[in-house]
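Here is the structure we will look at.
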Amino acid sequence: MNTQKYVVVDIETTGHSPAKGDRIIQIAIITIQNDEIIDTYSEFVNPERKIPAFIQDLTNIADADVADAKPFAAHAAEISEKLQGAIFVAHNTNFDLPFLQAELIRSGLPKWHGLTMDTVEMARLMYPTAFSYKLQDITSELGIPLESAHRADDDALATAHLFLQAKADMGSLPYDTLTQLHKRSFQLKSDLSRLFFELTQQKRSAQGDDFDRFNGLPLKRRKLEAGESAAGYTAMFDWEERLETAFPQFERRQSQFDMMASIQKALAGKEERVIEASTGMGKTIAYLLPAVNHAIETGKQVLISTYTTHLQDQLVQKEGKIVEQLVGAPVRLALVKGLSHYIDLSRFAELLQGEDESYDETFTIMQVLIWLTSTETGDLNEVNASSGGQFVLDKIRRSHLRRLSRDEKVYDFYEYALERSKQAHVIVTNHSFLLNQRLSNSSILADVDAFIWDEAHQVVQAAVSQHEKTFVYTQWKYVFGQLGTFDDQQLFAQLYKTAEKTGFSTVPELLKLESLFIKFVSLFDELASMLTAEFLAKFRGSRHKKCASLLSELPYDKARFMDMLRFLNEWIDLSQLVLQKAERLTETSIQDKLVIADWRYWTEELMVKAVEFSEIFVFPLEDEVSWIEGDLRSLPTSLSLYKQPFEVTSIIQKVMAPVRGSKALIWLSGTMSVPSNERFIVSQLGIPNHVPITKFEPPQEFYRGARVFIVEDMPDIQQVSQSDYIEAVADAVIQTVLVTEGRCFVLFTSQDMLRKTVDLIQDTGLLDEYMLFAQGISSGSRMRLLKSFQRFQKSVLFGTNSFWEGVDVPGDALRAVVVVRLPFTSPDEPIFKARSEVIAREGVNPFLHYALPEAVLRLRQGFGRLIRSKNDQGLFIVLDRRIETKSYGVEFLNALPKVKVSKVSLEKMVTDIEDWYNKQ
């Protein structure tokens with residue numbers, strides 16, 4: 001039995017830096033031996049200085065709590081004794097251990113020496129799909145109790161249980177995985193290699209484990225569900241009775257049942273229908289129940305497409321289970337995503353044979369090894385990798401350029417997803433995947449009887465993104481750096497040496513490959529310099545540093561771009577020829593195989609980039625727009641070029657036209673129309689004019705907890721400088737946050753204005769007691785920012801475009817949404833400019849028929865963040881006076897639900913909010 005002693009330490013402090021005088025205010029030590037907690041120790045410590053207000057708020061430890069406590073020196077000897085002979089464990093050892101060392105030295109004791117194990121690193125490794133590794137989040141996800149976060153005693157106990165759980169889960173990994181992990185564990189930041197060694201020694205064999213294996217890689221064993229017969233199933237229509245039985249607190253909403261009946265009728269009659277279903281009426285259940293009912297009854301499949309993969313996962317994992325309970329019969333939902341979501345197991349097996357280049361690469365490879373023992377989907381987006389680790393994930397994604405062997409297909413996750421979809425009642429996918437399909441008899445969608453597009457207004461954006469091409473200067477230069485020439489000692493030099501050893505290619509062939517590479521890199525640099533000069537000339541004197549221009553507005557020599565493309569295509573052709581010879585080799589070393597695999601990867605990357613390049617510069621289509629963006633302070637490094645279609649109806653029609661009239665087509669969204677232009681979205685989707693828009697509204701009292709304020713004494717955004725307007729916005733936000741005590745969204749249309757507003761608010765110090773989370777400033781994804789926002793009572797979230805919709809913050813977690821500017825797209829935005837020019841040429845006013853409806857839709861979506869149930873209360877505050885002073889302002893107000901609208905001064909609004917809260 002292993003008798004190693006571990007001490008789990010957590011401290012609370014007055015700040016982050018012992019060097020700047022910060023001190024410990026509480027310490028807790030949990031001792032573990034033989035995988036059991038054998039001792040607990042916790043003490044308040046007098047820091048001999050004031051505890052800052054935000055620390056008191058965070059820890060709930062006030063000056064009074066430590067007033068009678070002894071200083072650290074009085075505890076130092078006992079603490080030092082507890083640490084002796086133990087491995088030091090903490091949730092972020094880089095914080096707790098240096099602080100503790102400083103206090104020991106200050107107390108006249110020697111520094112502690114020994115091994116450390118960091119449970120942050122351990123949790124990131126063992127639970128690679130976890131959303132967050134903050135102690136409060138990861139313990140919640142694992143079901144480990146944590147009563148009071150940021151109290152040393154509770155945090156230390158939770159960390160101890162996290163350590164024991166992770167250690168136990170590590171021990172359950174297959175032997176082959178443990179040996180791979182142990183091999184790489186010496187590169188980790190804490191001494192987890194000790195654990196991997198012990199566990200590998202204990203296991204010693206892979207015999208008898210329940211895992212599949214691909215090239216020695218242990219995979220979770222998968223099996224396809226047997227397709228059960230629908231014989232004897234009777235179609236169900238007693239929705240209300242079933243919902244009331246399943247949910248004791250069921251809230252009856254007539255609009256939900258009306259929508260169910262409408263969808264059921266459309267499915268049975270193979271009709272096309274457009275449905276606008278407002279927030280709060282149970283839209284997902286309202287379409288999923290009839291869909292499942294129809295699929296089981298008829299034996300035909302229903303396909304549901306959502307906008308994001310996050311919504312896909314939620315549909316299968318959450319709503320799918322609810323519907324199975326309601327239907328009372330087994331329901332098979334299959335999830336299918338685009339090819340690049342899935343891991344290429346052969347490529348990953350190759351990567352394992354090489355030497356890692358960095359900590360991030362090592363760590364991500366270890367995460368993937370562990371993830372493969374539990375994933376059923378093989379979707380790499382499940383892995384919560386660091387930004388540096390994303391490059392590793394990109395290298396092991398499935399590519400449409402590579403064909404799998406028969407043996408590879410047996411274990412391939414994408415092939416498995418396709419097989420599962422054939423046996424499903426309901427196939428769940430996303431808009432991008434569906435728009436990329438051709439609905440032929442051989443298609444996986446051949447047996448689909450009905451298509452339901454959820455968040456249908458986003459099909460337009462999905463179609464645009466599907467056909468977007470990008471050309472990013474730094475990405476190209478990175479590829480060039482990876483390949484290099486013979487003199488650079490990069491990949492080309494390694495390929496040359498492999499050819500010398502094996503004889504798969506001739507010297508003249510490789511020298512020509514190098515010559516072509518040098519020519520197109522030289523031409524690339526020449527063209528980048530030319531574009532930089534033209535870009536600088538166009539924006540000379542601009543007050544903005546980040547600028548964008550239609551490519552057609554910049555003069556450039558198209559012939560030179562064609563020359564570069566010719567050199568690039570010649571290089572690709574020759575490189576593929578060299579690869580074919582290299583891959584026919586039967587006897588090569590592991591290192592040679594890795595060189596050849598890497599060369600194949602980068603050749604494929606350049607093949608994709610060649611297409612992007614040609615479609616932007618050389619062969620642009622009439623219904624597409626190309627533009628260039630850059631930061632004037634860092635050219636050419638910041639140069640990026642883009643190409644998008646500005647009319648997508650034909651793209652959507654290619655997918656839907658073959659099934660229109662023969663299969664049910666249902667388009668669903670919370671925002672499918674605007675008052676002045678009912679068919680603004682549906683016309684872009686190519687939906688025939690005879691298909692009406694059916695609207696299902698929540699009950700009248702649903703919005704009773706909402707109020708709209710328009711602040712009348714804000715400066716006119718078009719009459720003052722940006723700095724003056726930002727100053728007024730900062731003041732309004734500060735006063736709103738103080739009166740609502742936080743829990744506010746502040747929505748911008750510009751990242752630049754967001755950043756300047758946040759900087760100004762922080763400079764005032766008036767919101768120092770609040771946690772401010774800002775998109776593009778605070779680290780983390782949109783969902784991580786949202787989670788952080790919800791965790792704190794006093795918090796504010798500043799967001800741009802992606803926070804206007806698709807974000808759920810139920811209940812009291814969101815009290816106010818502040819709209820800084822009406823969400824018009826900038827008239828200088830290239831794709832907007834190009835589309836407006838086309839509309840104007842048709843004799844139509846682009847503002848009234850494009851800019852205004854788009855902005856009104858976005859405002860509706862912003863309001864939808866606020867009220868998610870009839871018990872929610874919230875304030876919708878508009879700072880942009882144009883909603884009141886411009887003739888088009890009424891369009892925005894008419895698009896909002898029927899709620900009380902108050903046009904008041906900022907001072908009056910604050911008073912009204914105080915009164916409103918007091919009456920609640």
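Naming scheme: A, B, ... for chains in displayed order of the structure tokens; residues 1 onward per chain; ligands 1 onward as shown.
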
Write down as a ChimeraX atom specification the residues belonging to range 198-368 of chain A that are assigned alpha helix (DSSP H) by DSSP computed on the backbone.
/A:198-203,239-246,254-269,283-298,309-314,320-327,345-352,359-368

Contacts of range 813-828 of chain A at 7 Å or less, counting only C-alpha atoms, minus same-chain residues fewer than 4 places along, as a PyMOL selection string?
chain A and resi 729+740+743-749+790+809+832-833+851+855+858-859+866+873-880

Residue nearest Leu224 in chain A among A:Leu418, A:Leu393, A:Leu135, A:Met714 (counting only C-alpha atoms):
A:Leu418

Give the strand (DSSP E or B) residues of range 636-683 of chain A, as DSSP finds them on the backbone, and put them as a PyMOL selection string.
chain A and resi 640-645+660+663-669+674+677

Mind writing the picked residues with N, CA and C atoms as a short mmCIF file (atom, residue, chain, number, x, y, z; two decimals), in the first residue's frame?
data_model
loop_
_atom_site.label_atom_id
_atom_site.label_comp_id
_atom_site.auth_asym_id
_atom_site.auth_seq_id
_atom_site.Cartn_x
_atom_site.Cartn_y
_atom_site.Cartn_z
N SER A 640 -5.72 41.42 -43.34
CA SER A 640 -6.60 40.27 -43.55
C SER A 640 -7.53 40.61 -44.70
N LEU A 641 -7.78 39.64 -45.56
CA LEU A 641 -8.71 39.83 -46.67
C LEU A 641 -9.82 38.79 -46.58
N TYR A 642 -11.02 39.23 -46.95
CA TYR A 642 -12.19 38.35 -46.83
C TYR A 642 -13.02 38.41 -48.10
N LYS A 643 -13.74 37.32 -48.33
CA LYS A 643 -14.70 37.29 -49.42
C LYS A 643 -15.96 36.60 -48.93
N GLN A 644 -17.12 37.25 -49.17
CA GLN A 644 -18.39 36.66 -48.76
C GLN A 644 -19.43 36.90 -49.85
N PRO A 645 -20.41 36.00 -49.95
CA PRO A 645 -21.55 36.30 -50.82
C PRO A 645 -22.45 37.31 -50.11
N ARG A 660 -38.90 20.88 -51.57
CA ARG A 660 -40.07 21.76 -51.38
C ARG A 660 -41.28 21.15 -52.09
N LYS A 663 -41.82 17.31 -49.08
CA LYS A 663 -41.52 17.05 -47.67
C LYS A 663 -41.88 18.28 -46.85
N ALA A 664 -42.13 18.07 -45.56
CA ALA A 664 -42.46 19.19 -44.69
C ALA A 664 -41.24 20.07 -44.47
N LEU A 665 -41.46 21.39 -44.52
CA LEU A 665 -40.40 22.37 -44.28
C LEU A 665 -40.90 23.37 -43.26
N ILE A 666 -40.23 23.44 -42.11
CA ILE A 666 -40.70 24.33 -41.05
C ILE A 666 -39.54 25.24 -40.64
N TRP A 667 -39.80 26.55 -40.72
CA TRP A 667 -38.80 27.57 -40.38
C TRP A 667 -39.25 28.24 -39.08
N LEU A 668 -38.39 28.15 -38.05
CA LEU A 668 -38.76 28.64 -36.71
C LEU A 668 -37.77 29.66 -36.20
N SER A 669 -38.27 30.69 -35.52
CA SER A 669 -37.37 31.64 -34.86
C SER A 669 -38.19 32.52 -33.92
N VAL A 674 -40.13 41.99 -38.82
CA VAL A 674 -40.13 43.32 -38.20
C VAL A 674 -41.40 44.01 -38.67
N ASN A 677 -41.50 45.48 -42.21
CA ASN A 677 -41.06 44.63 -43.31
C ASN A 677 -41.18 43.17 -42.87
#

Can you pull out every residue within 8 Å of range 678-691 of chain A, counting only C-alpha atoms, but drop anything in the same chain fewer than 3 positions away, and send it as a count of residues only?
18

Counting only C-alpha atoms, what is within 10 Å of Phe413 in chain A, bar same-chain residues fewer than 3 positions away, as number ranges by chain?
A: 222, 339, 341-345, 375-379, 398, 408-410, 416-419

Counting only C-alpha atoms, the residue of A:Asp631, A:Glu697, A:Asp768, A:Glu615 that sits nearest Ser278 in chain A
A:Glu697

Asp63 in chain A: which residues within 9 Å, counting only C-alpha atoms, same-chain residues fewer than 2 positions away excluded, as an NGL selection string?
:A and (46 or 49-51 or 56 or 61 or 65-67)

Using only C-alpha atoms, which protein or nucleic acid residues come within 12 Å of Ala730 in chain A? Drop anything in the same chain fewer than 5 positions from it, and give the result as number ranges by chain.
A: 714, 723-725, 735-737, 746, 753-767, 798, 818, 820, 879

Enumerate, in order of chain and increasing residue number, the residues of range 320-434 of chain A with an atom no farther than 12 Å from range 285-300 of chain A, each with its shortest atom pair and distance in Å to one decimal, counting only C-alpha atoms, as a Markdown table.
| residue | atom | partner | partner_atom | distance |
| --- | --- | --- | --- | --- |
| A:Gly320 | CA | A:Leu288 | CA | 8.0 |
| A:Lys321 | CA | A:Ile285 | CA | 11.0 |
| A:Ile322 | CA | A:Ile285 | CA | 8.5 |
| A:Val323 | CA | A:Leu289 | CA | 6.1 |
| A:Glu324 | CA | A:Val292 | CA | 8.6 |
| A:Gln325 | CA | A:Leu289 | CA | 10.5 |
| A:Leu326 | CA | A:Leu289 | CA | 8.0 |
| A:Val327 | CA | A:Asn293 | CA | 7.2 |
| A:Gly328 | CA | A:Asn293 | CA | 10.3 |
| A:Ala329 | CA | A:Ile296 | CA | 8.7 |
| A:Pro330 | CA | A:Ile296 | CA | 9.1 |
| A:Val331 | CA | A:Val292 | CA | 7.3 |
| A:Arg332 | CA | A:Val292 | CA | 8.9 |
| A:Leu333 | CA | A:Val292 | CA | 9.0 |
| A:Lys422 | CA | A:Lys300 | CA | 10.6 |
| A:Gln423 | CA | A:Gly299 | CA | 10.3 |
| A:Ala424 | CA | A:Ala295 | CA | 9.1 |
| A:His425 | CA | A:Ala295 | CA | 5.4 |
| A:Val426 | CA | A:Val292 | CA | 6.6 |
| A:Ile427 | CA | A:Val292 | CA | 10.3 |
| A:Val428 | CA | A:Leu288 | CA | 10.7 |

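You can rank A:Arg566, A:Lys395, A:Lys265, A:Arg106 by their closest distance to Pro71 in chain A using only C-alpha atoms, and at the top of that list sits A:Arg106.
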
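When only C-alpha atoms are used to compute distances to Ser505 in chain A, the closest of the residues A:Asp563, A:Asn569, A:Ala548, A:Ala582 turns out to be A:Ala582.
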
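Distance check against Thr911 in chain A using only C-alpha atoms: of A:Ile27, A:Leu267, A:Leu109, A:Leu738, the minimum falls on A:Leu738.
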
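The smallest atom-to-atom distance between Arg633 in chain A and any of A:Leu536, A:Leu511, A:Val479, A:Leu797, using only C-alpha atoms, is found for A:Leu536.
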